[in-house]
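Okay, structure23.txt is below, compact mmCIF, C-alpha atoms:
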# COMPACT_ATOMS: atom_id res chain seq x y z
CA MET A 1 -10.79 1.67 27.72
CA VAL A 2 -10.96 -0.89 24.95
CA SER A 3 -10.02 0.41 21.54
CA GLY A 4 -12.50 -1.61 19.51
CA MET A 5 -11.08 -2.80 16.24
CA VAL A 6 -7.54 -1.71 17.00
CA GLY A 7 -7.21 -4.89 19.02
CA GLY A 8 -8.68 -3.92 22.35
CA VAL A 9 -5.44 -2.36 23.56
CA VAL A 10 -5.67 -0.27 26.73
CA GLU A 11 -2.48 1.73 26.27
CA ARG A 12 -0.83 3.17 23.18
CA ALA A 13 2.18 1.14 22.06
CA ARG A 14 5.69 2.62 21.97
CA TRP A 15 8.26 2.42 19.17
CA ARG A 16 10.79 0.57 21.30
CA ASP A 17 8.16 -2.05 22.09
CA VAL A 18 7.51 -2.63 18.40
CA PHE A 19 11.15 -2.91 17.35
CA GLY A 20 11.74 -5.16 20.33
CA HIS A 21 10.06 -7.96 18.35
CA ALA A 22 12.84 -9.79 16.49
CA GLU A 23 10.47 -11.16 13.86
CA PHE A 24 9.18 -7.69 13.10
CA ARG A 25 12.72 -6.41 12.60
CA ALA A 26 13.30 -9.11 9.99
CA LEU A 27 10.00 -8.37 8.22
CA PHE A 28 10.63 -4.62 8.38
CA LEU A 29 14.09 -4.88 6.83
CA ALA A 30 12.73 -7.24 4.17
CA GLY A 31 10.11 -4.60 3.36
CA VAL A 32 12.75 -1.87 3.14
CA LEU A 33 14.75 -4.00 0.71
CA SER A 34 11.61 -4.56 -1.36
CA VAL A 35 11.02 -0.80 -1.66
CA VAL A 36 14.64 -0.15 -2.61
CA GLY A 37 14.55 -2.96 -5.16
CA ASP A 38 11.33 -1.68 -6.72
CA GLN A 39 12.80 1.79 -7.16
CA LEU A 40 15.92 0.38 -8.81
CA ALA A 41 13.93 -1.88 -11.12
CA ARG A 42 11.57 0.87 -12.29
CA VAL A 43 14.39 3.25 -13.13
CA ALA A 44 16.53 0.58 -14.76
CA LEU A 45 13.67 -0.78 -16.87
CA SER A 46 12.58 2.68 -17.99
CA VAL A 47 16.12 3.47 -19.08
CA LEU A 48 16.50 0.06 -20.73
CA VAL A 49 13.31 0.37 -22.78
CA PHE A 50 14.05 3.95 -23.84
CA GLU A 51 17.61 3.06 -24.87
CA ARG A 52 16.36 0.22 -27.06
CA THR A 53 13.28 1.87 -28.56
CA GLU A 54 13.75 5.65 -28.12
CA SER A 55 9.96 5.63 -27.62
CA ALA A 56 8.43 7.63 -24.78
CA GLY A 57 5.17 5.71 -25.23
CA LEU A 58 6.74 2.29 -24.78
CA THR A 59 8.76 3.59 -21.85
CA ALA A 60 5.59 4.85 -20.16
CA LEU A 61 3.82 1.57 -20.91
CA THR A 62 6.63 -0.42 -19.32
CA TYR A 63 6.51 1.81 -16.25
CA ALA A 64 2.74 1.35 -16.04
CA LEU A 65 3.20 -2.42 -16.13
CA THR A 66 4.95 -2.20 -12.74
CA TYR A 67 1.53 -1.23 -11.30
CA ILE A 68 -1.23 -2.56 -13.55
CA PRO A 69 -0.71 -6.34 -13.01
CA ASP A 70 -1.51 -5.88 -9.31
CA LEU A 71 -5.12 -5.27 -10.30
CA VAL A 72 -5.29 -8.79 -11.76
CA PHE A 73 -2.83 -10.72 -9.63
CA GLY A 74 -3.98 -9.13 -6.36
CA PRO A 75 -7.28 -11.01 -6.01
CA LEU A 76 -6.10 -14.06 -7.98
CA LEU A 77 -2.87 -14.87 -6.15
CA ALA A 78 -3.15 -13.23 -2.72
CA GLY A 79 -5.06 -16.27 -1.44
CA VAL A 80 -1.89 -18.37 -1.73
CA ALA A 81 -0.87 -16.73 1.55
CA ASP A 82 -3.84 -18.41 3.26
CA ARG A 83 -3.38 -21.92 1.87
CA TYR A 84 0.35 -22.40 2.47
CA PRO A 85 2.74 -21.48 5.31
CA ARG A 86 3.29 -17.75 4.91
CA ARG A 87 6.99 -17.83 5.71
CA ARG A 88 7.49 -20.36 2.92
CA VAL A 89 5.40 -18.26 0.52
CA MET A 90 7.55 -15.19 1.20
CA ILE A 91 10.83 -17.07 0.75
CA ILE A 92 9.79 -18.82 -2.47
CA THR A 93 8.35 -15.67 -4.06
CA ASP A 94 11.47 -13.68 -3.11
CA LEU A 95 13.72 -16.30 -4.70
CA ALA A 96 11.53 -16.44 -7.80
CA ARG A 97 11.67 -12.66 -8.17
CA ALA A 98 15.45 -12.69 -7.73
CA VAL A 99 15.73 -15.13 -10.63
CA LEU A 100 13.32 -13.17 -12.83
CA VAL A 101 15.07 -9.84 -12.28
CA ALA A 102 18.47 -11.42 -12.90
CA ALA A 103 17.14 -12.84 -16.18
CA MET A 104 15.89 -9.39 -17.19
CA ALA A 105 19.50 -8.14 -16.90
CA ILE A 106 20.59 -10.32 -19.85
CA ASP A 107 21.34 -7.88 -22.68
CA MET A 108 20.47 -10.28 -25.50
CA LEU A 109 16.86 -10.85 -24.39
CA PRO A 110 14.21 -9.47 -26.77
CA LEU A 111 12.23 -6.57 -25.32
CA LEU A 112 8.98 -8.58 -25.42
CA VAL A 113 10.56 -11.26 -23.21
CA VAL A 114 11.74 -8.60 -20.76
CA ILE A 115 8.19 -7.23 -20.53
CA LEU A 116 6.77 -10.73 -19.96
CA LEU A 117 9.32 -11.28 -17.22
CA LEU A 118 8.22 -7.98 -15.68
CA VAL A 119 4.59 -9.12 -15.62
CA ALA A 120 5.64 -12.40 -13.96
CA LEU A 121 7.71 -10.44 -11.46
CA GLN A 122 4.67 -8.42 -10.43
CA GLY A 123 2.63 -11.61 -10.22
CA PHE A 124 4.96 -13.08 -7.60
CA GLY A 125 4.78 -9.83 -5.67
CA SER A 126 1.08 -10.26 -4.87
CA PRO A 127 1.34 -13.42 -2.72
CA PHE A 128 4.51 -12.06 -1.07
CA ASN A 129 2.81 -8.81 -0.07
CA ALA A 130 -0.30 -10.65 1.11
CA ALA A 131 1.74 -13.13 3.16
CA ARG A 132 3.82 -10.37 4.73
CA ALA A 133 0.78 -8.21 5.50
CA ALA A 134 -1.04 -11.17 7.07
CA THR A 135 2.00 -12.18 9.15
CA LEU A 136 2.50 -8.77 10.76
CA PRO A 137 -0.62 -8.89 12.99
CA VAL A 138 0.46 -12.36 14.17
CA VAL A 139 3.93 -11.09 15.07
CA LEU A 140 2.73 -7.76 16.52
CA PRO A 141 -0.26 -7.92 18.89
CA GLY A 142 -2.80 -5.14 19.25
CA ASP A 143 -1.56 -1.57 18.97
CA HIS A 144 2.00 -2.80 18.34
CA TYR A 145 0.73 -3.76 14.88
CA VAL A 146 -0.47 -0.21 14.18
CA LEU A 147 2.97 1.23 14.94
CA GLY A 148 4.69 -1.55 13.01
CA LYS A 149 2.57 -0.81 9.97
CA ALA A 150 3.28 2.90 10.44
CA ALA A 151 7.02 2.22 10.32
CA ASN A 152 6.57 0.25 7.10
CA ASP A 153 4.31 2.83 5.47
CA MET A 154 6.62 5.71 6.37
CA VAL A 155 9.49 3.92 4.64
CA VAL A 156 7.36 3.64 1.50
CA GLN A 157 6.44 7.33 1.66
CA PHE A 158 10.06 8.36 2.26
CA SER A 159 10.99 6.50 -0.91
CA GLN A 160 8.53 8.70 -2.82
CA VAL A 161 9.79 11.87 -1.15
CA LEU A 162 13.33 11.04 -2.18
CA GLY A 163 12.04 10.10 -5.63
CA PHE A 164 14.00 8.08 -8.11
CA GLY A 165 17.19 10.11 -7.86
CA THR A 166 19.06 7.41 -5.96
CA GLY A 167 17.94 4.79 -8.44
CA GLY A 168 19.03 7.03 -11.29
CA LEU A 169 22.48 7.47 -9.76
CA ALA A 170 22.79 3.71 -9.31
CA VAL A 171 21.89 3.08 -12.95
CA VAL A 172 24.41 5.69 -14.07
CA ALA A 173 27.08 4.06 -11.88
CA VAL A 174 26.52 0.40 -12.76
CA GLY A 175 24.36 0.49 -15.90
CA THR A 176 20.87 -0.88 -16.47
CA SER A 177 21.94 -4.51 -16.19
CA GLY A 178 23.88 -3.73 -13.03
CA GLY A 179 20.86 -1.97 -11.56
CA LEU A 180 18.68 -5.01 -12.25
CA LEU A 181 21.27 -7.30 -10.66
CA LEU A 182 21.29 -5.07 -7.59
CA ASP A 183 17.52 -5.45 -7.47
CA SER A 184 17.94 -9.23 -7.67
CA ALA A 185 20.31 -9.06 -4.71
CA THR A 186 17.72 -7.20 -2.63
CA PHE A 187 15.28 -10.09 -3.13
CA LEU A 188 17.92 -12.60 -2.08
CA LEU A 189 18.68 -10.61 1.06
CA SER A 190 14.98 -10.34 1.82
CA ALA A 191 14.58 -14.12 1.49
CA ALA A 192 17.53 -14.66 3.85
CA LEU A 193 16.09 -12.26 6.45
CA ILE A 194 12.77 -14.06 6.41
CA ALA A 195 14.34 -17.53 6.45
CA PHE A 196 16.49 -16.79 9.50
CA GLY A 197 14.40 -14.14 11.25
CA VAL A 198 10.77 -15.30 10.99
CA LYS A 199 9.34 -18.35 12.74
CA SER A 200 7.87 -21.18 10.73
CA ARG A 201 4.11 -21.47 11.24
CA PRO A 202 1.55 -23.85 9.72
CA ALA A 203 -0.72 -22.75 6.91
CA PRO A 204 -3.52 -20.56 8.32
CA ALA A 205 -6.12 -22.67 6.55
CA ALA A 206 -5.13 -25.56 8.83
CA ALA A 207 -6.66 -23.65 11.74
CA ARG A 208 -10.18 -24.07 10.40
CA GLN A 209 -12.66 -26.11 12.37
CA ASP A 210 -12.69 -29.81 11.52
CA ASP A 211 -16.37 -29.64 10.64
CA GLU A 212 -15.81 -26.77 8.17
CA PRO A 213 -15.73 -28.16 4.64
CA LYS A 214 -12.56 -27.66 2.65
CA ARG A 215 -12.92 -25.40 -0.37
CA THR A 216 -11.15 -25.17 -3.69
CA TYR A 217 -8.81 -22.23 -4.32
CA PHE A 218 -11.36 -20.29 -6.35
CA LYS A 219 -14.09 -20.91 -3.79
CA ASP A 220 -11.70 -19.57 -1.17
CA MET A 221 -11.13 -16.52 -3.35
CA ALA A 222 -14.87 -15.98 -3.66
CA ALA A 223 -15.28 -16.46 0.08
CA GLY A 224 -12.71 -13.74 0.78
CA ALA A 225 -14.50 -11.28 -1.50
CA SER A 226 -17.85 -12.29 -0.01
CA LEU A 227 -16.57 -11.72 3.52
CA VAL A 228 -15.68 -8.13 2.66
CA ALA A 229 -18.90 -7.53 0.72
CA ARG A 230 -21.29 -8.82 3.40
CA THR A 231 -19.59 -7.29 6.46
CA PRO A 232 -20.65 -3.64 6.95
CA SER A 233 -17.53 -2.68 8.91
CA LEU A 234 -15.17 -4.13 6.29
CA ARG A 235 -17.13 -2.52 3.47
CA ALA A 236 -16.90 0.84 5.21
CA LEU A 237 -13.15 0.51 5.75
CA VAL A 238 -12.60 -0.37 2.09
CA ALA A 239 -14.78 2.58 1.07
CA LEU A 240 -12.69 4.90 3.26
CA ALA A 241 -9.52 3.54 1.66
CA MET A 242 -10.94 4.12 -1.83
CA VAL A 243 -11.33 7.83 -1.10
CA ALA A 244 -7.63 7.89 -1.99
CA GLY A 245 -8.74 7.74 -5.61
CA PHE A 246 -9.73 11.40 -5.32
CA TYR A 247 -6.79 13.03 -3.56
CA VAL A 248 -4.11 10.89 -5.25
CA THR A 249 -4.92 12.83 -8.43
CA VAL A 250 -2.37 15.45 -7.38
CA GLU A 251 0.32 12.98 -8.46
CA GLY A 252 -1.11 12.58 -11.94
CA LEU A 253 -1.64 16.31 -12.49
CA ALA A 254 1.47 17.70 -10.75
CA VAL A 255 3.36 18.39 -13.99
CA PRO A 256 0.52 20.14 -15.91
CA TYR A 257 -0.56 22.02 -12.77
CA ALA A 258 3.00 23.24 -12.20
CA ASN A 259 3.03 24.50 -15.79
CA GLU A 260 -0.33 26.21 -15.27
CA ILE A 261 0.94 28.22 -12.29
CA GLY A 262 4.11 29.19 -14.13
CA GLY A 263 6.49 26.58 -12.75
CA GLY A 264 8.73 24.07 -14.50
CA PRO A 265 10.07 20.58 -13.76
CA GLU A 266 11.58 21.76 -10.47
CA ALA A 267 8.18 22.97 -9.28
CA ALA A 268 6.58 19.71 -10.38
CA GLY A 269 9.16 17.76 -8.38
CA LEU A 270 8.42 19.79 -5.26
CA LEU A 271 4.69 19.30 -5.74
CA LEU A 272 5.12 15.54 -6.14
CA ALA A 273 7.08 15.43 -2.89
CA ALA A 274 4.60 17.54 -0.89
CA SER A 275 1.85 14.95 -0.40
CA PRO A 276 4.07 12.00 0.65
CA ALA A 277 6.07 14.32 2.90
CA GLY A 278 2.85 15.37 4.58
CA ALA A 279 1.80 11.72 4.84
CA VAL A 280 5.00 10.84 6.70
CA ALA A 281 4.37 13.63 9.22
CA GLY A 282 0.71 12.63 9.50
CA MET A 283 1.52 8.99 10.19
CA TRP A 284 3.94 9.97 12.91
CA LEU A 285 1.36 12.26 14.52
CA ILE A 286 -1.46 9.74 14.31
CA THR A 287 0.60 7.14 16.18
CA LEU A 288 0.72 9.59 19.12
CA TRP A 289 -3.07 9.50 19.46
CA PRO A 290 -4.91 6.97 21.62
CA PRO A 291 -6.29 4.10 19.52
CA GLU A 292 -9.89 5.09 20.22
CA ARG A 293 -9.36 8.60 18.82
CA ARG A 294 -7.79 7.25 15.64
CA MET A 295 -10.80 5.11 14.87
CA ARG A 296 -13.27 7.87 15.70
CA LEU A 297 -11.62 10.35 13.31
CA LEU A 298 -11.27 8.13 10.22
CA GLY A 299 -14.19 9.81 8.44
CA PRO A 300 -13.26 13.43 9.27
CA LEU A 301 -9.66 12.82 8.19
CA ALA A 302 -10.80 11.31 4.89
CA VAL A 303 -12.81 14.49 4.27
CA ALA A 304 -9.84 16.64 5.28
CA ALA A 305 -7.61 14.86 2.76
CA CYS A 306 -9.84 16.10 -0.07
CA VAL A 307 -10.62 19.65 1.09
CA PRO A 308 -7.25 21.22 0.11
CA LEU A 309 -7.74 20.18 -3.52
CA VAL A 310 -10.77 22.45 -3.82
CA PHE A 311 -8.59 25.53 -3.23
CA CYS A 312 -6.46 24.64 -6.26
CA ALA A 313 -9.23 26.22 -8.35
CA PHE A 314 -7.80 29.60 -7.33
CA ARG A 315 -4.29 28.67 -8.60
CA PRO A 316 -2.70 30.11 -5.44
CA GLY A 317 0.92 29.74 -6.54
CA LEU A 318 3.67 27.27 -5.75
CA VAL A 319 4.25 27.79 -2.01
CA PRO A 320 0.56 27.88 -1.01
CA THR A 321 -0.07 24.81 -3.17
CA LEU A 322 2.79 22.97 -1.49
CA VAL A 323 1.17 23.74 1.86
CA LEU A 324 -2.24 22.59 0.62
CA TRP A 325 -0.93 19.32 -0.80
CA ALA A 326 1.14 18.65 2.31
CA LEU A 327 -1.97 19.14 4.48
CA SER A 328 -3.84 16.71 2.23
CA GLY A 329 -1.02 14.21 2.70
CA MET A 330 -1.09 14.66 6.48
CA ALA A 331 -4.82 13.92 6.61
CA SER A 332 -4.34 10.90 4.33
CA ALA A 333 -2.52 9.24 7.22
CA TYR A 334 -5.96 7.93 8.23
CA HIS A 335 -5.10 5.05 5.89
CA LEU A 336 -2.80 3.68 8.57
CA PRO A 337 -5.44 2.84 11.23
CA THR A 338 -7.95 2.06 8.47
CA SER A 339 -5.83 -0.70 6.95
CA ALA A 340 -4.72 -1.93 10.38
CA ALA A 341 -8.33 -2.25 11.53
CA PHE A 342 -9.24 -4.07 8.32
CA VAL A 343 -6.48 -6.67 8.61
CA GLN A 344 -7.06 -7.26 12.31
CA ALA A 345 -10.80 -7.70 11.79
CA VAL A 346 -10.44 -10.51 9.25
CA PRO A 347 -10.01 -14.12 10.47
CA ASP A 348 -6.39 -15.21 10.14
CA HIS A 349 -7.11 -17.92 7.56
CA GLN A 350 -8.72 -15.34 5.24
CA ARG A 351 -6.37 -12.40 5.73
CA GLY A 352 -4.34 -12.99 2.59
CA GLN A 353 -7.36 -13.15 0.31
CA ALA A 354 -9.12 -10.21 1.99
CA PHE A 355 -5.92 -8.17 1.70
CA GLY A 356 -5.83 -8.91 -2.02
CA VAL A 357 -9.43 -7.75 -2.44
CA ALA A 358 -8.85 -4.52 -0.51
CA SER A 359 -5.55 -3.82 -2.26
CA THR A 360 -7.14 -4.27 -5.67
CA ALA A 361 -10.01 -1.94 -4.75
CA LEU A 362 -7.54 0.70 -3.52
CA LYS A 363 -5.28 0.56 -6.56
CA GLY A 364 -8.23 0.44 -8.93
CA SER A 365 -9.71 3.57 -7.37
CA GLN A 366 -6.37 5.37 -7.62
CA GLY A 367 -5.88 4.46 -11.28
CA LEU A 368 -9.45 5.40 -12.18
CA GLY A 369 -9.23 8.66 -10.23
CA ILE A 370 -6.06 9.77 -12.00
CA LEU A 371 -7.54 8.80 -15.38
CA LEU A 372 -10.77 10.75 -14.80
CA ALA A 373 -8.90 13.78 -13.45
CA GLY A 374 -6.72 13.75 -16.56
CA LEU A 375 -9.78 13.69 -18.81
CA ILE A 376 -11.33 16.60 -16.93
CA ALA A 377 -8.06 18.55 -17.14
CA ASP A 378 -7.89 18.02 -20.90
CA ARG A 379 -11.34 19.59 -21.28
CA SER A 380 -10.84 22.40 -18.76
CA SER A 381 -7.64 22.96 -16.77
CA PRO A 382 -5.57 21.04 -14.19
CA SER A 383 -6.56 23.47 -11.42
CA LEU A 384 -10.27 23.05 -12.12
CA ALA A 385 -9.89 19.28 -12.43
CA LEU A 386 -8.28 19.09 -8.99
CA ALA A 387 -11.04 21.22 -7.50
CA VAL A 388 -13.76 19.03 -9.06
CA VAL A 389 -12.27 15.73 -7.87
CA GLY A 390 -11.61 17.32 -4.47
CA ALA A 391 -15.28 18.26 -4.12
CA ALA A 392 -16.37 14.81 -5.28
CA GLY A 393 -13.95 13.27 -2.80
CA ILE A 394 -15.47 15.26 0.06
CA LEU A 395 -18.90 13.82 -0.76
CA ALA A 396 -17.52 10.28 -1.07
CA ALA A 397 -15.63 10.63 2.22
CA LEU A 398 -18.77 11.85 3.99
CA VAL A 399 -20.71 8.82 2.76
CA ALA A 400 -17.91 6.38 3.68
CA GLY A 401 -17.35 8.04 7.05
CA THR A 402 -21.05 7.82 7.89
CA ALA A 403 -21.08 4.14 6.95
CA TRP A 404 -18.04 3.55 9.16
CA THR A 405 -19.64 5.34 12.13
CA ARG A 406 -22.76 3.18 11.86
CA ALA A 407 -20.85 -0.05 11.37
CA ARG A 408 -18.44 0.70 14.21
CA GLN A 409 -21.26 1.15 16.73
CA GLY A 410 -22.24 -2.48 16.28
CA TRP A 411 -18.65 -3.65 15.97
CA GLU A 412 -17.18 -2.59 19.31
CA GLY A 413 -19.30 -4.93 21.45
CA PRO A 414 -17.95 -8.18 19.96
CA ALA A 415 -14.45 -6.73 20.03
CA LYS A 416 -14.74 -6.11 23.78
CA THR A 417 -15.96 -9.61 24.36
CA VAL A 418 -13.02 -11.07 22.50
CA THR A 419 -10.36 -8.90 24.10
CA GLU A 420 -11.66 -9.22 27.60
Mind turning this structure into structure tokens?
Amino acid sequence: MVSGMVGGVVERARWRDVFGHAEFRALFLAGVLSVVGDQLARVALSVLVFERTESAGLTALTYALTYIPDLVFGPLLAGVADRYPRRRVMIITDLARAVLVAAMAIDMLPLLVVILLLVALQGFGSPFNAARAATLPVVLPGDHYVLGKAANDMVVQFSQVLGFGTGGLAVVAVGTSGGLLLDSATFLLSAALIAFGVKSRPAPAAARQDDEPKRTYFKDMAAGASLVARTPSLRALVALAMVAGFYVTVEGLAVPYANEIGGGPEAAGLLLAASPAGAVAGMWLITLWPPERRMRLLGPLAVAACVPLVFCAFRPGLVPTLVLWALSGMASAYHLPTSAAFVQAVPDHQRGQAFGVASTALKGSQGLGILLAGLIADRSSPSLALAVVGAAGILAALVAGTAWTRARQGWEGPAKTVTE
């Protein structure tokens, strides 16, 4: 049986097959270092800003800046990964980020300069992430890519489960400047892994047909967005990914919800860990399914990720809520085959730009969802806000799932032709 957009793989891949690819091991370790470095930097910068200003507002703003620039730099800079050799893009952006983080460790720098360096740091992250994401399906064929992405995503989720405690201990041990220098070292190690562990390949844009006219960078950027907008299957996959904007609201309301049910900071910490813990379990389980089943259940799983939030209206207490949020996280593992199908469906020379478009849509939906849930909670209660966004998410997931079912019916034929 051909698995459609999962690459036409007959059999489910195995973990040992995936980690048997030397290039993947290098990219995987580079990704782990990136996650560790990000955790260190966020903790160190938050501590640095609070020590200098004693302002909770400025500290929160600085923390927000580690996410917000992706909304701008994602679509603007991700296309660099399509116009230049991706291995070179990853090495250069890693080295640039190492220099920027090391500069941020200088105690005498004004706070405004540190914040500007932070924005630049996030800017270099967009082409790196796009280049790495676009390289993985080249290194890992078919269903191997799905498992490889699962390994990467589980590392990211584990970092959230563990929280920032490790980063906090590191900052206590070596200070804020020391923490930033450790972050700089992670970028240097990542660059070395990619330089020695990943093959050099020509720029993907060079693979275009000779009779295809060359475009400027901004025309390429528009072409990537247009590809997503005019392709029903890609639109449906992006819509399914954006359902995350509804169930991610548990992260933004964990603290006030914990207070509402009579818990304190400890309860909030457990609640924050529940969803990513469930996601890790869900991603492991979903890799055990045949590729065809994964793609068929994208819509139902998106609905299932939102259903548990509705029960928060009853304020069931800490333990039942932990179970509900963990179940939501498990169902949210549908993001794994969704994103894998999206990347594999895009032509190689447009993967970087398309990844930037999809990533921006996902992060934008998450930020907007948390903002709207917060506004509803202010005017009612956190429990009611979660129930409302959960119900809205169910409707959105039903619409996106229906669109995916229709698009997929016309998508499998060409996929079979290609893979056969």
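Between CA of Gly364 (chain A) and CA of Leu322 (chain A) the separation is 26.2 Å.
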Legend entry - Best match for closeness to Arg351 (chain A) among A:Ile91, A:Ala305, A:Tyr247, A:Ser339, counting only C-alpha atoms: A:Ser339
Inset, instruction - Report the distance between CA of Leu375 (chain A) and CA of Leu253 (chain A) in Å, rounded to one decimal place. - result: 10.6 Å
Inset, instruction - Record the distance separating CA of Pro202 (chain A) and CA of Pro85 (chain A), expressed in Å with one decimal. - result: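 Pair CA of Pro202 (chain A) / CA of Pro85 (chain A) returns 5.1 Å.
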Inset, instruction - Identify which of the residues A:Ile286, A:Leu188, A:Val47, A:Leu384 lies closest to Pro256 (chain A), counting all atoms listed in the file when measuring atom-to-atom distances. - result: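 Looking only at the distances to Pro256 (chain A), the closest residue turns out to be A:Leu384.
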For Ala277 (chain A), list every protein, DNA or RNA residue within 12 Å, evaluated using only C-alpha atoms, and leave out those in the same chain fewer than 2 positions away; present the list as an mmCIF file with C-alpha atoms, keeping the file's coordinate frame.
data_model
loop_
_atom_site.group_PDB
_atom_site.id
_atom_site.type_symbol
_atom_site.label_atom_id
_atom_site.label_comp_id
_atom_site.auth_asym_id
_atom_site.auth_seq_id
_atom_site.Cartn_x
_atom_site.Cartn_y
_atom_site.Cartn_z
ATOM 1 C CA ASP A 153 4.310 2.830 5.470
ATOM 2 C CA MET A 154 6.620 5.710 6.370
ATOM 3 C CA VAL A 155 9.490 3.920 4.640
ATOM 4 C CA VAL A 156 7.360 3.640 1.500
ATOM 5 C CA GLN A 157 6.440 7.330 1.660
ATOM 6 C CA PHE A 158 10.060 8.360 2.260
ATOM 7 C CA SER A 159 10.990 6.500 -0.910
ATOM 8 C CA GLN A 160 8.530 8.700 -2.820
ATOM 9 C CA VAL A 161 9.790 11.870 -1.150
ATOM 10 C CA LEU A 162 13.330 11.040 -2.180
ATOM 11 C CA GLY A 163 12.040 10.100 -5.630
ATOM 12 C CA LEU A 270 8.420 19.790 -5.260
ATOM 13 C CA LEU A 271 4.690 19.300 -5.740
ATOM 14 C CA LEU A 272 5.120 15.540 -6.140
ATOM 15 C CA ALA A 273 7.080 15.430 -2.890
ATOM 16 C CA ALA A 274 4.600 17.540 -0.890
ATOM 17 C CA SER A 275 1.850 14.950 -0.400
ATOM 18 C CA ALA A 279 1.800 11.720 4.840
ATOM 19 C CA VAL A 280 5.000 10.840 6.700
ATOM 20 C CA ALA A 281 4.370 13.630 9.220
ATOM 21 C CA GLY A 282 0.710 12.630 9.500
ATOM 22 C CA MET A 283 1.520 8.990 10.190
ATOM 23 C CA TRP A 284 3.940 9.970 12.910
ATOM 24 C CA LEU A 322 2.790 22.970 -1.490
ATOM 25 C CA VAL A 323 1.170 23.740 1.860
ATOM 26 C CA LEU A 324 -2.240 22.590 0.620
ATOM 27 C CA TRP A 325 -0.930 19.320 -0.800
ATOM 28 C CA ALA A 326 1.140 18.650 2.310
ATOM 29 C CA LEU A 327 -1.970 19.140 4.480
ATOM 30 C CA SER A 328 -3.840 16.710 2.230
ATOM 31 C CA GLY A 329 -1.020 14.210 2.700
ATOM 32 C CA MET A 330 -1.090 14.660 6.480
ATOM 33 C CA ALA A 331 -4.820 13.920 6.610
ATOM 34 C CA SER A 332 -4.340 10.900 4.330
ATOM 35 C CA ALA A 333 -2.520 9.240 7.220
#
Legend entry - Shortest interatomic distance to Asn129 (chain A) - which of A:Ser359, A:Ser380, A:Ser365, A:Ser233, counting only C-alpha atoms: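 Nearest to Asn129 (chain A): A:Ser359.
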Inset, instruction - Considering all atoms listed in the file, state which residue in the set A:Gln350, A:Arg86, A:Gly125, A:Leu371 is at the smallest distance from Val35 (chain A). - result: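 Closest candidate: A:Gly125.
Comparing A:Ala258, A:Pro316, A:Ala345, A:Gly175 by their smallest distance to Ala105 (chain A), the closest is A:Gly175 (using only C-alpha atoms).
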Inset, instruction - Find the residue from A:Pro347, A:Pro382, A:Pro276, A:Gly263 that sits nearest to Val138 (chain A); use only C-alpha atoms when measuring. - result: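 Of A:Pro347, A:Pro382, A:Pro276, A:Gly263, the one nearest Val138 (chain A) is A:Pro347, counting only C-alpha atoms.
Near Ala98 (chain A), within 8 Å and counting all atoms listed in the file, sit Asp183, Ser184, Ala185, Thr186, Phe187 and Leu188 of chain A; same-chain residues fewer than 5 positions away were not included.
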Identify, on the basis of all atoms listed in the file, every residue whose closest approach to Ala340 (chain A) does not exceed 7 Å; exclude the query and any residue fewer than 4 positions from it along the same chain; express the result as an mmCIF file with C-alpha atoms, keeping the file's coordinate frame.
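result.cif written:
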data_model
loop_
_atom_site.group_PDB
_atom_site.id
_atom_site.type_symbol
_atom_site.label_atom_id
_atom_site.label_comp_id
_atom_site.auth_asym_id
_atom_site.auth_seq_id
_atom_site.Cartn_x
_atom_site.Cartn_y
_atom_site.Cartn_z
ATOM 1 C CA VAL A 146 -0.470 -0.210 14.180
ATOM 2 C CA LEU A 336 -2.800 3.680 8.570
ATOM 3 C CA GLN A 344 -7.060 -7.260 12.310
#
